[in-house]
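Asker: File upload-v2.cif below, mmCIF, C-alpha atoms:
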```cif
data_query
#
loop_
_atom_site.label_atom_id
_atom_site.label_comp_id
_atom_site.auth_asym_id
_atom_site.auth_seq_id
_atom_site.Cartn_x
_atom_site.Cartn_y
_atom_site.Cartn_z
CA GLU A 112 -6.76 3.14 -10.82
CA ASP A 113 -5.43 1.39 -13.94
CA GLY A 114 -5.63 1.97 -17.72
CA ASP A 115 -8.89 0.02 -17.90
CA HIS A 116 -10.60 2.57 -15.66
CA SER A 117 -10.56 0.16 -12.72
CA PHE A 118 -10.09 1.02 -9.09
CA PHE A 119 -8.89 -1.60 -6.62
CA ILE A 120 -10.68 -1.53 -3.27
CA TYR A 121 -9.92 -3.67 -0.26
CA ASP A 122 -10.86 -4.32 3.32
CA ASN A 123 -9.30 -6.84 5.70
CA THR A 124 -10.34 -9.90 3.73
CA ASN A 125 -11.56 -8.86 0.26
CA LEU A 126 -9.96 -7.27 -2.80
CA LEU A 127 -12.38 -5.81 -5.34
CA SER A 128 -11.96 -4.42 -8.86
CA TRP A 129 -14.38 -1.61 -9.73
CA ASN A 130 -14.57 -0.73 -13.43
CA THR A 131 -15.84 2.85 -13.53
CA SER A 132 -16.72 2.82 -17.25
CA LEU A 133 -18.85 -0.33 -16.97
CA ASN A 134 -19.86 0.32 -13.34
CA THR A 135 -19.08 -3.27 -12.38
CA LEU A 136 -17.66 -4.51 -9.10
CA VAL A 137 -15.81 -7.83 -9.16
CA SER A 138 -14.23 -9.70 -6.27
CA LEU A 139 -10.74 -11.01 -7.10
CA GLU A 140 -10.31 -14.63 -6.05
CA LEU A 141 -6.77 -14.87 -4.74
CA LYS A 142 -6.90 -18.39 -3.28
CA VAL A 143 -5.40 -17.53 0.06
CA PRO A 144 -6.04 -19.83 3.04
CA ALA A 145 -8.75 -18.41 5.31
CA LYS A 146 -6.36 -18.10 8.25
CA ASP A 147 -4.03 -15.91 6.18
CA LYS A 148 -6.72 -13.86 4.42
CA ASN A 149 -6.00 -10.58 6.19
CA ILE A 150 -5.04 -7.88 3.68
CA SER A 151 -2.92 -5.14 5.20
CA PHE A 152 -1.50 -3.37 2.14
CA VAL A 153 -1.99 -3.21 -1.66
CA PHE A 154 0.26 -1.45 -4.18
CA LYS A 155 -0.08 -1.21 -7.98
CA ASP A 156 3.21 -0.85 -9.87
CA SER A 157 3.98 0.76 -13.24
CA GLU A 158 3.29 -2.51 -15.07
CA GLY A 159 -0.16 -2.82 -13.52
CA LEU A 160 0.84 -5.65 -11.18
CA LEU A 161 -0.77 -5.71 -7.74
CA TRP A 162 1.51 -6.33 -4.76
CA ILE A 163 -0.59 -7.58 -1.87
CA ASN A 164 0.59 -8.07 1.69
CA TYR A 165 -1.36 -10.50 3.84
CA TRP A 166 -0.67 -10.08 7.54
CA ASP A 167 1.86 -12.70 8.70
CA PHE A 168 1.65 -14.42 5.29
CA GLY A 169 4.05 -12.57 3.00
CA LEU A 170 3.87 -10.68 -0.28
CA ARG A 171 1.85 -11.75 -3.31
CA CYS A 172 2.27 -10.36 -6.84
CA TYR A 173 -1.01 -10.63 -8.75
CA ASN A 174 -1.39 -10.06 -12.50
CA THR A 175 -4.94 -8.79 -13.04
CA LYS A 176 -4.83 -9.59 -16.78
CA THR A 177 -3.66 -13.22 -16.57
CA GLN A 178 -5.05 -13.76 -13.06
CA LYS A 179 -1.82 -15.51 -12.15
CA TYR A 180 0.13 -14.81 -8.99
CA LYS A 181 3.45 -15.46 -7.31
CA ASP A 182 4.10 -15.51 -3.58
CA TYR A 183 7.22 -14.16 -1.91
CA LYS A 184 8.03 -15.39 1.57
CA ASN A 185 10.99 -15.13 3.87
CA ASP A 186 13.53 -17.95 3.91
CA PRO A 187 15.99 -17.42 6.80
CA LYS A 188 18.61 -19.39 4.87
CA ASP A 189 18.35 -17.19 1.75
CA SER A 190 19.25 -13.49 2.05
CA THR A 191 17.74 -12.76 -1.38
CA THR A 192 14.20 -13.50 -0.14
CA ILE A 193 11.93 -10.88 1.41
CA GLY A 194 12.93 -9.99 4.96
CA SER A 195 9.50 -9.77 6.57
CA LYS A 196 5.95 -11.11 6.43
CA ASN A 197 4.50 -7.69 7.24
CA ILE A 198 4.74 -4.60 5.04
CA ASN A 199 3.61 -1.02 5.69
CA GLN A 200 4.51 0.65 2.39
CA ILE A 201 5.93 0.07 -1.11
CA ILE A 202 7.34 2.69 -3.48
CA GLU A 203 8.57 2.14 -7.05
CA ASP A 204 11.44 4.16 -8.49
CA LYS A 205 12.00 5.18 -12.13
CA ASN A 206 14.08 2.04 -12.73
CA GLY A 207 11.26 -0.24 -11.63
CA ILE A 208 12.89 -1.15 -8.30
CA LEU A 209 10.40 -1.65 -5.48
CA TRP A 210 11.36 -0.14 -2.12
CA ILE A 211 9.61 -1.97 0.68
CA GLY A 212 9.09 -0.57 4.16
CA THR A 213 8.51 -3.43 6.59
CA ARG A 214 6.96 -3.50 10.02
CA ASP A 215 9.79 -5.37 11.71
CA LYS A 216 12.81 -5.74 9.40
CA GLY A 217 13.59 -2.24 8.16
CA LEU A 218 14.04 -1.51 4.45
CA ASN A 219 14.07 -4.05 1.61
CA SER A 220 14.26 -3.58 -2.14
CA PHE A 221 13.15 -5.88 -4.93
CA SER A 222 14.36 -6.12 -8.53
CA LYS A 223 11.81 -7.57 -10.94
CA LYS A 224 14.67 -8.26 -13.36
CA THR A 225 16.64 -10.51 -11.01
CA ASN A 226 13.63 -11.58 -8.92
CA LYS A 227 15.73 -10.98 -5.80
CA PHE A 228 15.38 -8.91 -2.66
CA GLU A 229 18.05 -6.87 -0.91
CA HIS A 230 18.06 -6.04 2.80
CA TYR A 231 19.54 -2.94 4.43
CA SER A 232 20.94 -2.47 7.90
CA TYR A 233 18.85 -1.13 10.77
CA ILE A 234 18.94 -0.90 14.55
CA GLU A 235 16.29 -1.80 17.10
CA ASN A 236 15.90 1.58 18.71
CA SER A 237 14.85 2.19 22.30
CA GLY A 238 14.10 5.82 21.46
CA THR A 239 17.46 7.30 22.37
CA LEU A 240 19.92 5.46 20.12
CA GLN A 241 21.62 7.14 17.18
CA PRO A 242 22.65 4.81 14.32
CA LYS A 243 25.80 4.88 12.21
CA ASP A 244 24.95 4.47 8.52
CA SER A 245 21.86 2.38 9.11
CA LEU A 246 18.13 2.89 9.45
CA ASP A 247 17.27 4.20 12.93
CA ASP A 248 14.53 1.64 13.69
CA LYS A 249 13.16 -1.68 12.44
CA MET A 250 9.59 -0.41 11.85
CA ILE A 251 8.93 1.84 8.85
CA HIS A 252 5.71 3.84 8.85
CA CYS A 253 6.10 5.94 5.70
CA MET A 254 8.37 6.69 2.73
CA VAL A 255 8.70 9.39 0.08
CA LEU A 256 11.01 9.24 -2.96
CA ASP A 257 12.25 12.56 -4.33
CA GLU A 258 13.50 13.55 -7.80
CA ASP A 259 17.15 13.03 -6.81
CA GLY A 260 16.65 9.38 -5.94
CA ILE A 261 16.64 10.05 -2.21
CA LEU A 262 14.27 7.92 -0.18
CA TRP A 263 12.95 9.69 2.91
CA ILE A 264 11.79 7.27 5.59
CA GLY A 265 9.78 7.79 8.78
CA THR A 266 10.22 5.19 11.51
CA ASN A 267 8.40 4.23 14.68
CA VAL A 268 10.90 4.61 17.53
CA GLY A 269 13.42 6.46 15.38
CA GLY A 270 12.63 9.55 13.32
CA LEU A 271 13.36 10.86 9.82
CA ASN A 272 15.91 9.03 7.67
CA ARG A 273 17.61 9.91 4.39
CA PHE A 274 18.58 6.98 2.17
CA ASP A 275 20.48 7.49 -1.09
CA THR A 276 19.24 4.76 -3.43
CA LYS A 277 22.39 5.12 -5.56
CA THR A 278 25.10 4.99 -2.87
CA LYS A 279 22.97 2.96 -0.40
CA LYS A 280 23.97 5.31 2.43
CA PHE A 281 21.73 6.23 5.37
CA LYS A 282 21.54 9.39 7.44
CA SER A 283 19.25 9.68 10.47
CA TYR A 284 17.79 12.94 11.78
CA HIS A 285 16.37 11.28 14.87
CA ASN A 286 16.30 13.72 17.77
CA PHE A 287 14.09 12.69 20.67
CA LYS A 288 14.71 15.92 22.60
CA GLU A 289 13.59 18.10 19.67
CA GLY A 290 10.62 15.88 18.81
CA ILE A 291 12.02 14.40 15.58
CA HIS A 292 10.73 11.05 16.72
CA GLY A 293 7.93 8.66 15.79
CA VAL A 294 7.31 9.88 12.22
CA LEU A 295 3.97 8.45 11.06
CA ASP A 296 3.59 10.20 7.70
CA LEU A 297 5.56 12.24 5.16
CA VAL A 298 4.52 14.64 2.38
CA LYS A 299 6.78 16.53 -0.03
CA ASP A 300 5.82 19.97 -1.36
CA SER A 301 6.65 22.03 -4.44
CA ASN A 302 9.44 23.87 -2.59
CA ASN A 303 11.62 20.76 -2.19
CA GLN A 304 10.64 20.52 1.46
CA LEU A 305 9.18 17.72 3.56
CA TRP A 306 6.28 17.79 6.01
CA LEU A 307 6.39 15.32 8.87
CA ALA A 308 3.50 14.02 10.97
CA THR A 309 4.73 12.83 14.36
CA TYR A 310 3.19 10.71 17.06
CA LEU A 311 3.85 13.10 19.96
CA ASP A 312 5.13 16.44 18.72
CA GLY A 313 2.84 17.67 15.97
CA LEU A 314 3.76 18.84 12.49
CA PHE A 315 7.30 19.55 11.27
CA LEU A 316 8.60 21.30 8.17
CA PHE A 317 12.00 20.01 7.03
CA ASP A 318 14.19 21.97 4.61
CA LYS A 319 16.33 19.45 2.73
CA GLU A 320 18.88 22.07 1.67
CA THR A 321 19.60 23.52 5.11
CA GLU A 322 18.64 20.33 7.01
CA THR A 323 16.62 22.38 9.49
CA PHE A 324 13.23 21.76 11.10
CA ILE A 325 10.35 24.05 12.06
CA ASN A 326 7.74 22.69 14.47
CA TYR A 327 4.02 23.54 14.40
CA SER A 328 2.20 22.10 17.40
CA GLU A 329 -0.78 22.68 19.68
CA GLU A 330 0.90 25.90 20.80
CA GLU A 331 0.49 27.25 17.25
CA GLY A 332 -3.13 26.08 16.98
CA LEU A 333 -2.90 22.42 15.91
CA LEU A 334 -5.77 20.36 17.32
CA PHE A 335 -3.61 17.52 18.65
CA ASN A 336 0.12 16.82 18.66
CA SER A 337 -0.49 13.15 17.87
CA ILE A 338 -1.10 13.24 14.09
CA THR A 339 -2.18 10.11 12.24
CA LYS A 340 -1.93 11.21 8.57
CA ILE A 341 -1.25 14.31 6.48
CA ALA A 342 -2.03 15.40 2.90
CA LYS A 343 -1.29 18.45 0.73
CA ASP A 344 -3.99 20.15 -1.37
CA ASN A 345 -3.61 22.10 -4.63
CA ALA A 346 -3.23 25.38 -2.75
CA GLY A 347 -0.29 24.01 -0.75
CA ASN A 348 -2.23 23.67 2.51
CA ILE A 349 -1.35 20.75 4.78
CA TRP A 350 -4.26 18.75 6.21
CA ALA A 351 -3.68 16.67 9.34
CA THR A 352 -5.91 14.03 10.91
CA SER A 353 -5.94 13.09 14.58
CA GLU A 354 -8.20 11.61 17.24
CA ARG A 355 -9.47 15.13 17.97
CA GLY A 356 -10.50 15.99 14.41
CA LEU A 357 -9.06 17.62 11.29
CA SER A 358 -6.58 20.51 11.06
CA LYS A 359 -5.73 22.61 8.00
CA PHE A 360 -2.41 24.46 8.06
CA ASN A 361 -2.14 27.41 5.69
CA THR A 362 1.52 27.37 4.63
CA LYS A 363 1.36 31.03 3.55
CA THR A 364 -0.23 32.59 6.64
CA LYS A 365 1.13 29.92 9.04
CA LEU A 366 -2.30 29.65 10.63
CA PHE A 367 -4.40 26.61 11.52
CA ALA A 368 -8.11 26.07 10.92
CA ASN A 369 -9.64 23.15 12.81
CA TYR A 370 -12.70 21.02 12.11
CA THR A 371 -14.50 18.71 14.55
CA ARG A 372 -17.95 17.24 15.13
CA ALA A 373 -19.05 20.76 15.97
CA ASN A 374 -18.32 21.67 12.33
CA GLY A 375 -20.21 18.69 10.93
CA LEU A 376 -17.68 15.86 11.00
CA PRO A 377 -19.32 12.51 11.85
CA THR A 378 -16.52 11.74 14.30
CA ASN A 379 -13.43 13.38 15.75
CA LYS A 380 -11.35 10.21 15.45
CA LEU A 381 -9.74 10.39 12.02
CA TYR A 382 -6.96 8.07 10.89
CA GLN A 383 -6.63 8.52 7.13
CA ILE A 384 -6.62 11.35 4.60
CA THR A 385 -5.68 11.26 0.95
CA LYS A 386 -6.03 13.45 -2.12
#
```
What would the structure in this file look like if it were written as structure tokens?
Answerer:
Amino acid sequence: EDGDHSFFIYDNTNLLSWNTSLNTLVSLELKVPAKDKNISFVFKDSEGLLWINYWDFGLRCYNTKTQKYKDYKNDPKDSTTIGSKNINQIIEDKNGILWIGTRDKGLNSFSKKTNKFEHYSYIENSGTLQPKDSLDDKMIHCMVLDEDGILWIGTNVGGLNRFDTKTKKFKSYHNFKEGIHGVLDLVKDSNNQLWLATYLDGLFLFDKETETFINYSEEEGLLFNSITKIAKDNAGNIWATSERGLSKFNTKTKLFANYTRANGLPTNKLYQITK
């Protein structure tokens, strides 16, 4: 939503602006070739600019007020260009720097002041490798930025990563044996802790101060250990989606409540949840 009471809605090929005060729905004409018109991600920054990733096309910055745009594509001969055509997430920090999680080239950042990208080291993990001061896999699924300027990153074949945006240092908590592996989503809570959704091992609580993990899985009542997304509600409960339905974890009682088609859901296969 922006200051003009507009929401931006998209599917694979269309980006729409819905003005809630006027109740108007307008399709944004972005002049992308039909073969490249496959929207995979949209992010609105603090200036109201839309950053749009078209699958295998690159990144487009679109100004909704002027209706002008600029495309950013990878140039293998120029290290200050974006590293990948495919992006899974973008986060903006308090200095206006964009942190870009790519599908195949690890972490990038972009400065709107210099109009340049920066790339950070990563390894191509087989699932058992432990990196030394680099991201533990090339594919980023999720990112969370905390108040201390620490970027927490979940990767596909790696696990949880800590990246200090000031010192540019990485630390990986990847541990295949303990299940800290295949982190698909991250949520931070009011207690300075992180919740991790993993592909195979359920829900994890990570204490950033002690650097310890607690696992909550099917053994504790979770519907399915393969979680697709998580969200936190106002009461501090953690909601987790999966292909078996919806689970609510009460962080006070440490108990799960589960919801499926038997409880009225239209389907058990759930892939997104947001608040």
Asker: Given the PyMOL selection byres ((chain A and resi 266) around 8) and the file above, list the residues it selects as a ChimeraX atom specification.
Answerer: /A:247-253,264-265,267-272,292-295
Asker: Grab the residues selected above and save them as a PDB file, in the coordinates of the input with C-alpha atoms.
Answerer:
```
ATOM      1  CA  ASP A 247      17.270   4.200  12.930  1.00  0.00           C
ATOM      2  CA  ASP A 248      14.530   1.640  13.690  1.00  0.00           C
ATOM      3  CA  LYS A 249      13.160  -1.680  12.440  1.00  0.00           C
ATOM      4  CA  MET A 250       9.590  -0.410  11.850  1.00  0.00           C
ATOM      5  CA  ILE A 251       8.930   1.840   8.850  1.00  0.00           C
ATOM      6  CA  HIS A 252       5.710   3.840   8.850  1.00  0.00           C
ATOM      7  CA  CYS A 253       6.100   5.940   5.700  1.00  0.00           C
ATOM      8  CA  ILE A 264      11.790   7.270   5.590  1.00  0.00           C
ATOM      9  CA  GLY A 265       9.780   7.790   8.780  1.00  0.00           C
ATOM     10  CA  ASN A 267       8.400   4.230  14.680  1.00  0.00           C
ATOM     11  CA  VAL A 268      10.900   4.610  17.530  1.00  0.00           C
ATOM     12  CA  GLY A 269      13.420   6.460  15.380  1.00  0.00           C
ATOM     13  CA  GLY A 270      12.630   9.550  13.320  1.00  0.00           C
ATOM     14  CA  LEU A 271      13.360  10.860   9.820  1.00  0.00           C
ATOM     15  CA  ASN A 272      15.910   9.030   7.670  1.00  0.00           C
ATOM     16  CA  HIS A 292      10.730  11.050  16.720  1.00  0.00           C
ATOM     17  CA  GLY A 293       7.930   8.660  15.790  1.00  0.00           C
ATOM     18  CA  VAL A 294       7.310   9.880  12.220  1.00  0.00           C
ATOM     19  CA  LEU A 295       3.970   8.450  11.060  1.00  0.00           C
TER      20      LEU A 295
END
```
Asker: Could you check how far CA of Pro377 in chain A sits from CA of Thr362 in chain A, in Å to one decimal?
Answerer: 26.6 Å
Asker: So, with all atoms listed in the file as the atoms that count, which of A:Asn226, A:Thr339, A:Thr378, A:Ser358 lies closest to Cys172 in chain A?
Answerer: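 Once distances to Cys172 in chain A are computed over all atoms listed in the file, the minimum belongs to A:Asn226.
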Asker: May I ask for the distance between CA of Val255 in chain A and CA of Phe360 in chain A, given in Å to one decimal place?
Answerer: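 Atom-to-atom, CA of Val255 in chain A to CA of Phe360 in chain A, that is 20.4 Å.
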Asker: Quick one: apply the PyMOL selection byres ((chain A and resi 380) around 6) to the file and drop the selected residues here as a list in words.
Answerer: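 Applying the expression gives Glu354, Arg355, Gly356, Thr378, Asn379 and Leu381 of chain A.
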Asker: Nearest to Leu240 in chain A: which of A:Lys181, A:Arg171, A:Lys288, A:Lys188 is it, counting all atoms listed in the file?
Answerer: A:Lys288
Asker: Could you state the separation of CA of Lys142 in chain A and CA of Asp167 in chain A in Å, given to one decimal place?
Answerer: 15.9 Å
Asker: Select all residues near (25.2, 2.2, 12.0) (cut-off 9 Å, inclusive, file coordinates), counting all atoms listed in the file, and output them as a list of chain:residue names.
Answerer: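 Final list of nearby residues, as requested, is A:Ser232, A:Tyr233, A:Ile234, A:Gln241, A:Pro242, A:Lys243, A:Asp244, A:Ser245, A:Leu246, A:Asp247, A:Phe281.
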Asker: Taking the file as shown, find all residues satisfying the PyMOL selection byres ((chain A and resi 169) around 12) and write them as a PDB file with C-alpha atoms, in the frame of the given file.
Answerer:
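Below you can see expr-v1.pdb, which holds the result:
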```pdb
ATOM      1  CA  VAL A 143      -5.400 -17.530   0.060  1.00  0.00           C
ATOM      2  CA  ASP A 147      -4.030 -15.910   6.180  1.00  0.00           C
ATOM      3  CA  LYS A 148      -6.720 -13.860   4.420  1.00  0.00           C
ATOM      4  CA  ASN A 149      -6.000 -10.580   6.190  1.00  0.00           C
ATOM      5  CA  ILE A 150      -5.040  -7.880   3.680  1.00  0.00           C
ATOM      6  CA  SER A 151      -2.920  -5.140   5.200  1.00  0.00           C
ATOM      7  CA  PHE A 152      -1.500  -3.370   2.140  1.00  0.00           C
ATOM      8  CA  TRP A 162       1.510  -6.330  -4.760  1.00  0.00           C
ATOM      9  CA  ILE A 163      -0.590  -7.580  -1.870  1.00  0.00           C
ATOM     10  CA  ASN A 164       0.590  -8.070   1.690  1.00  0.00           C
ATOM     11  CA  TYR A 165      -1.360 -10.500   3.840  1.00  0.00           C
ATOM     12  CA  TRP A 166      -0.670 -10.080   7.540  1.00  0.00           C
ATOM     13  CA  ASP A 167       1.860 -12.700   8.700  1.00  0.00           C
ATOM     14  CA  PHE A 168       1.650 -14.420   5.290  1.00  0.00           C
ATOM     15  CA  LEU A 170       3.870 -10.680  -0.280  1.00  0.00           C
ATOM     16  CA  ARG A 171       1.850 -11.750  -3.310  1.00  0.00           C
ATOM     17  CA  CYS A 172       2.270 -10.360  -6.840  1.00  0.00           C
ATOM     18  CA  LYS A 181       3.450 -15.460  -7.310  1.00  0.00           C
ATOM     19  CA  ASP A 182       4.100 -15.510  -3.580  1.00  0.00           C
ATOM     20  CA  TYR A 183       7.220 -14.160  -1.910  1.00  0.00           C
ATOM     21  CA  LYS A 184       8.030 -15.390   1.570  1.00  0.00           C
ATOM     22  CA  ASN A 185      10.990 -15.130   3.870  1.00  0.00           C
ATOM     23  CA  ASP A 186      13.530 -17.950   3.910  1.00  0.00           C
ATOM     24  CA  THR A 192      14.200 -13.500  -0.140  1.00  0.00           C
ATOM     25  CA  ILE A 193      11.930 -10.880   1.410  1.00  0.00           C
ATOM     26  CA  GLY A 194      12.930  -9.990   4.960  1.00  0.00           C
ATOM     27  CA  SER A 195       9.500  -9.770   6.570  1.00  0.00           C
ATOM     28  CA  LYS A 196       5.950 -11.110   6.430  1.00  0.00           C
ATOM     29  CA  ASN A 197       4.500  -7.690   7.240  1.00  0.00           C
ATOM     30  CA  ILE A 198       4.740  -4.600   5.040  1.00  0.00           C
ATOM     31  CA  ASN A 199       3.610  -1.020   5.690  1.00  0.00           C
ATOM     32  CA  THR A 213       8.510  -3.430   6.590  1.00  0.00           C
ATOM     33  CA  ARG A 214       6.960  -3.500  10.020  1.00  0.00           C
TER      34      ARG A 214
END
```
Asker: Excluding Leu141 in chain A and any residue of its chain fewer than 3 positions from it, enumerate the residues within 10 Å of it, using only C-alpha atoms, and give them as an MDAnalysis selection string.
Answerer: chainID A and resid 125:126 138 144 148 163 171 173 178:180
Asker: Using all atoms listed in the file, find the one residue out of A:Glu329, A:Asp312, A:Glu235, A:Asp296 that sits nearest to Ile341 in chain A.
Answerer: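 Among the listed residues, the smallest separation from Ile341 in chain A belongs to A:Asp296.
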Asker: Output as a PDB file, in the frame of the given file: range 226-243 of chain A, completed with N, CA, C and O atoms.
Answerer:
```
ATOM      1  N   ASN A 226      14.561 -10.877  -9.800  1.00  0.00           N
ATOM      2  CA  ASN A 226      13.630 -11.580  -8.920  1.00  0.00           C
ATOM      3  C   ASN A 226      14.255 -11.823  -7.535  1.00  0.00           C
ATOM      4  O   ASN A 226      14.007 -12.843  -6.895  1.00  0.00           O
ATOM      5  N   LYS A 227      15.059 -10.848  -7.093  1.00  0.00           N
ATOM      6  CA  LYS A 227      15.730 -10.980  -5.800  1.00  0.00           C
ATOM      7  C   LYS A 227      15.497  -9.742  -4.933  1.00  0.00           C
ATOM      8  O   LYS A 227      15.336  -8.632  -5.446  1.00  0.00           O
ATOM      9  N   PHE A 228      15.517  -9.980  -3.636  1.00  0.00           N
ATOM     10  CA  PHE A 228      15.380  -8.910  -2.660  1.00  0.00           C
ATOM     11  C   PHE A 228      16.751  -8.557  -2.082  1.00  0.00           C
ATOM     12  O   PHE A 228      17.660  -9.386  -2.051  1.00  0.00           O
ATOM     13  N   GLU A 229      16.844  -7.318  -1.618  1.00  0.00           N
ATOM     14  CA  GLU A 229      18.050  -6.870  -0.910  1.00  0.00           C
ATOM     15  C   GLU A 229      17.625  -6.254   0.416  1.00  0.00           C
ATOM     16  O   GLU A 229      16.619  -5.543   0.480  1.00  0.00           O
ATOM     17  N   HIS A 230      18.376  -6.550   1.466  1.00  0.00           N
ATOM     18  CA  HIS A 230      18.060  -6.040   2.800  1.00  0.00           C
ATOM     19  C   HIS A 230      19.079  -4.977   3.192  1.00  0.00           C
ATOM     20  O   HIS A 230      20.247  -5.048   2.782  1.00  0.00           O
ATOM     21  N   TYR A 231      18.661  -4.030   4.009  1.00  0.00           N
ATOM     22  CA  TYR A 231      19.540  -2.940   4.430  1.00  0.00           C
ATOM     23  C   TYR A 231      19.580  -2.871   5.954  1.00  0.00           C
ATOM     24  O   TYR A 231      18.610  -3.210   6.637  1.00  0.00           O
ATOM     25  N   SER A 232      20.699  -2.421   6.458  1.00  0.00           N
ATOM     26  CA  SER A 232      20.940  -2.470   7.900  1.00  0.00           C
ATOM     27  C   SER A 232      20.019  -1.523   8.673  1.00  0.00           C
ATOM     28  O   SER A 232      19.629  -0.470   8.181  1.00  0.00           O
ATOM     29  N   TYR A 233      19.687  -1.931   9.883  1.00  0.00           N
ATOM     30  CA  TYR A 233      18.850  -1.130  10.770  1.00  0.00           C
ATOM     31  C   TYR A 233      19.211  -1.459  12.207  1.00  0.00           C
ATOM     32  O   TYR A 233      19.887  -2.458  12.483  1.00  0.00           O
ATOM     33  N   ILE A 234      18.774  -0.603  13.131  1.00  0.00           N
ATOM     34  CA  ILE A 234      18.940  -0.900  14.550  1.00  0.00           C
ATOM     35  C   ILE A 234      17.566  -1.040  15.182  1.00  0.00           C
ATOM     36  O   ILE A 234      16.580  -0.552  14.649  1.00  0.00           O
ATOM     37  N   GLU A 235      17.515  -1.735  16.300  1.00  0.00           N
ATOM     38  CA  GLU A 235      16.290  -1.800  17.100  1.00  0.00           C
ATOM     39  C   GLU A 235      16.400  -0.721  18.152  1.00  0.00           C
ATOM     40  O   GLU A 235      17.097  -0.876  19.149  1.00  0.00           O
ATOM     41  N   ASN A 236      15.711   0.385  17.901  1.00  0.00           N
ATOM     42  CA  ASN A 236      15.900   1.580  18.710  1.00  0.00           C
ATOM     43  C   ASN A 236      15.032   1.560  19.964  1.00  0.00           C
ATOM     44  O   ASN A 236      13.880   1.127  19.942  1.00  0.00           O
ATOM     45  N   SER A 237      15.596   2.048  21.047  1.00  0.00           N
ATOM     46  CA  SER A 237      14.850   2.190  22.300  1.00  0.00           C
ATOM     47  C   SER A 237      14.246   3.574  22.426  1.00  0.00           C
ATOM     48  O   SER A 237      13.508   3.854  23.366  1.00  0.00           O
ATOM     49  N   GLY A 238      14.581   4.446  21.455  1.00  0.00           N
ATOM     50  CA  GLY A 238      14.100   5.820  21.460  1.00  0.00           C
ATOM     51  C   GLY A 238      15.200   6.835  21.666  1.00  0.00           C
ATOM     52  O   GLY A 238      15.009   8.020  21.421  1.00  0.00           O
ATOM     53  N   THR A 239      16.360   6.371  22.098  1.00  0.00           N
ATOM     54  CA  THR A 239      17.460   7.300  22.370  1.00  0.00           C
ATOM     55  C   THR A 239      18.720   6.982  21.569  1.00  0.00           C
ATOM     56  O   THR A 239      19.677   7.738  21.606  1.00  0.00           O
ATOM     57  N   LEU A 240      18.727   5.871  20.848  1.00  0.00           N
ATOM     58  CA  LEU A 240      19.920   5.460  20.120  1.00  0.00           C
ATOM     59  C   LEU A 240      20.076   6.212  18.806  1.00  0.00           C
ATOM     60  O   LEU A 240      19.095   6.564  18.148  1.00  0.00           O
ATOM     61  N   GLN A 241      21.313   6.475  18.433  1.00  0.00           N
ATOM     62  CA  GLN A 241      21.620   7.140  17.180  1.00  0.00           C
ATOM     63  C   GLN A 241      22.450   6.190  16.309  1.00  0.00           C
ATOM     64  O   GLN A 241      23.527   5.770  16.704  1.00  0.00           O
ATOM     65  N   PRO A 242      21.951   5.806  15.142  1.00  0.00           N
ATOM     66  CA  PRO A 242      22.650   4.810  14.320  1.00  0.00           C
ATOM     67  C   PRO A 242      23.834   5.398  13.565  1.00  0.00           C
ATOM     68  O   PRO A 242      23.942   6.619  13.401  1.00  0.00           O
ATOM     69  N   LYS A 243      24.692   4.507  13.086  1.00  0.00           N
ATOM     70  CA  LYS A 243      25.800   4.880  12.210  1.00  0.00           C
ATOM     71  C   LYS A 243      25.592   4.183  10.871  1.00  0.00           C
ATOM     72  O   LYS A 243      25.774   2.982  10.757  1.00  0.00           O
TER      73      LYS A 243
END
```
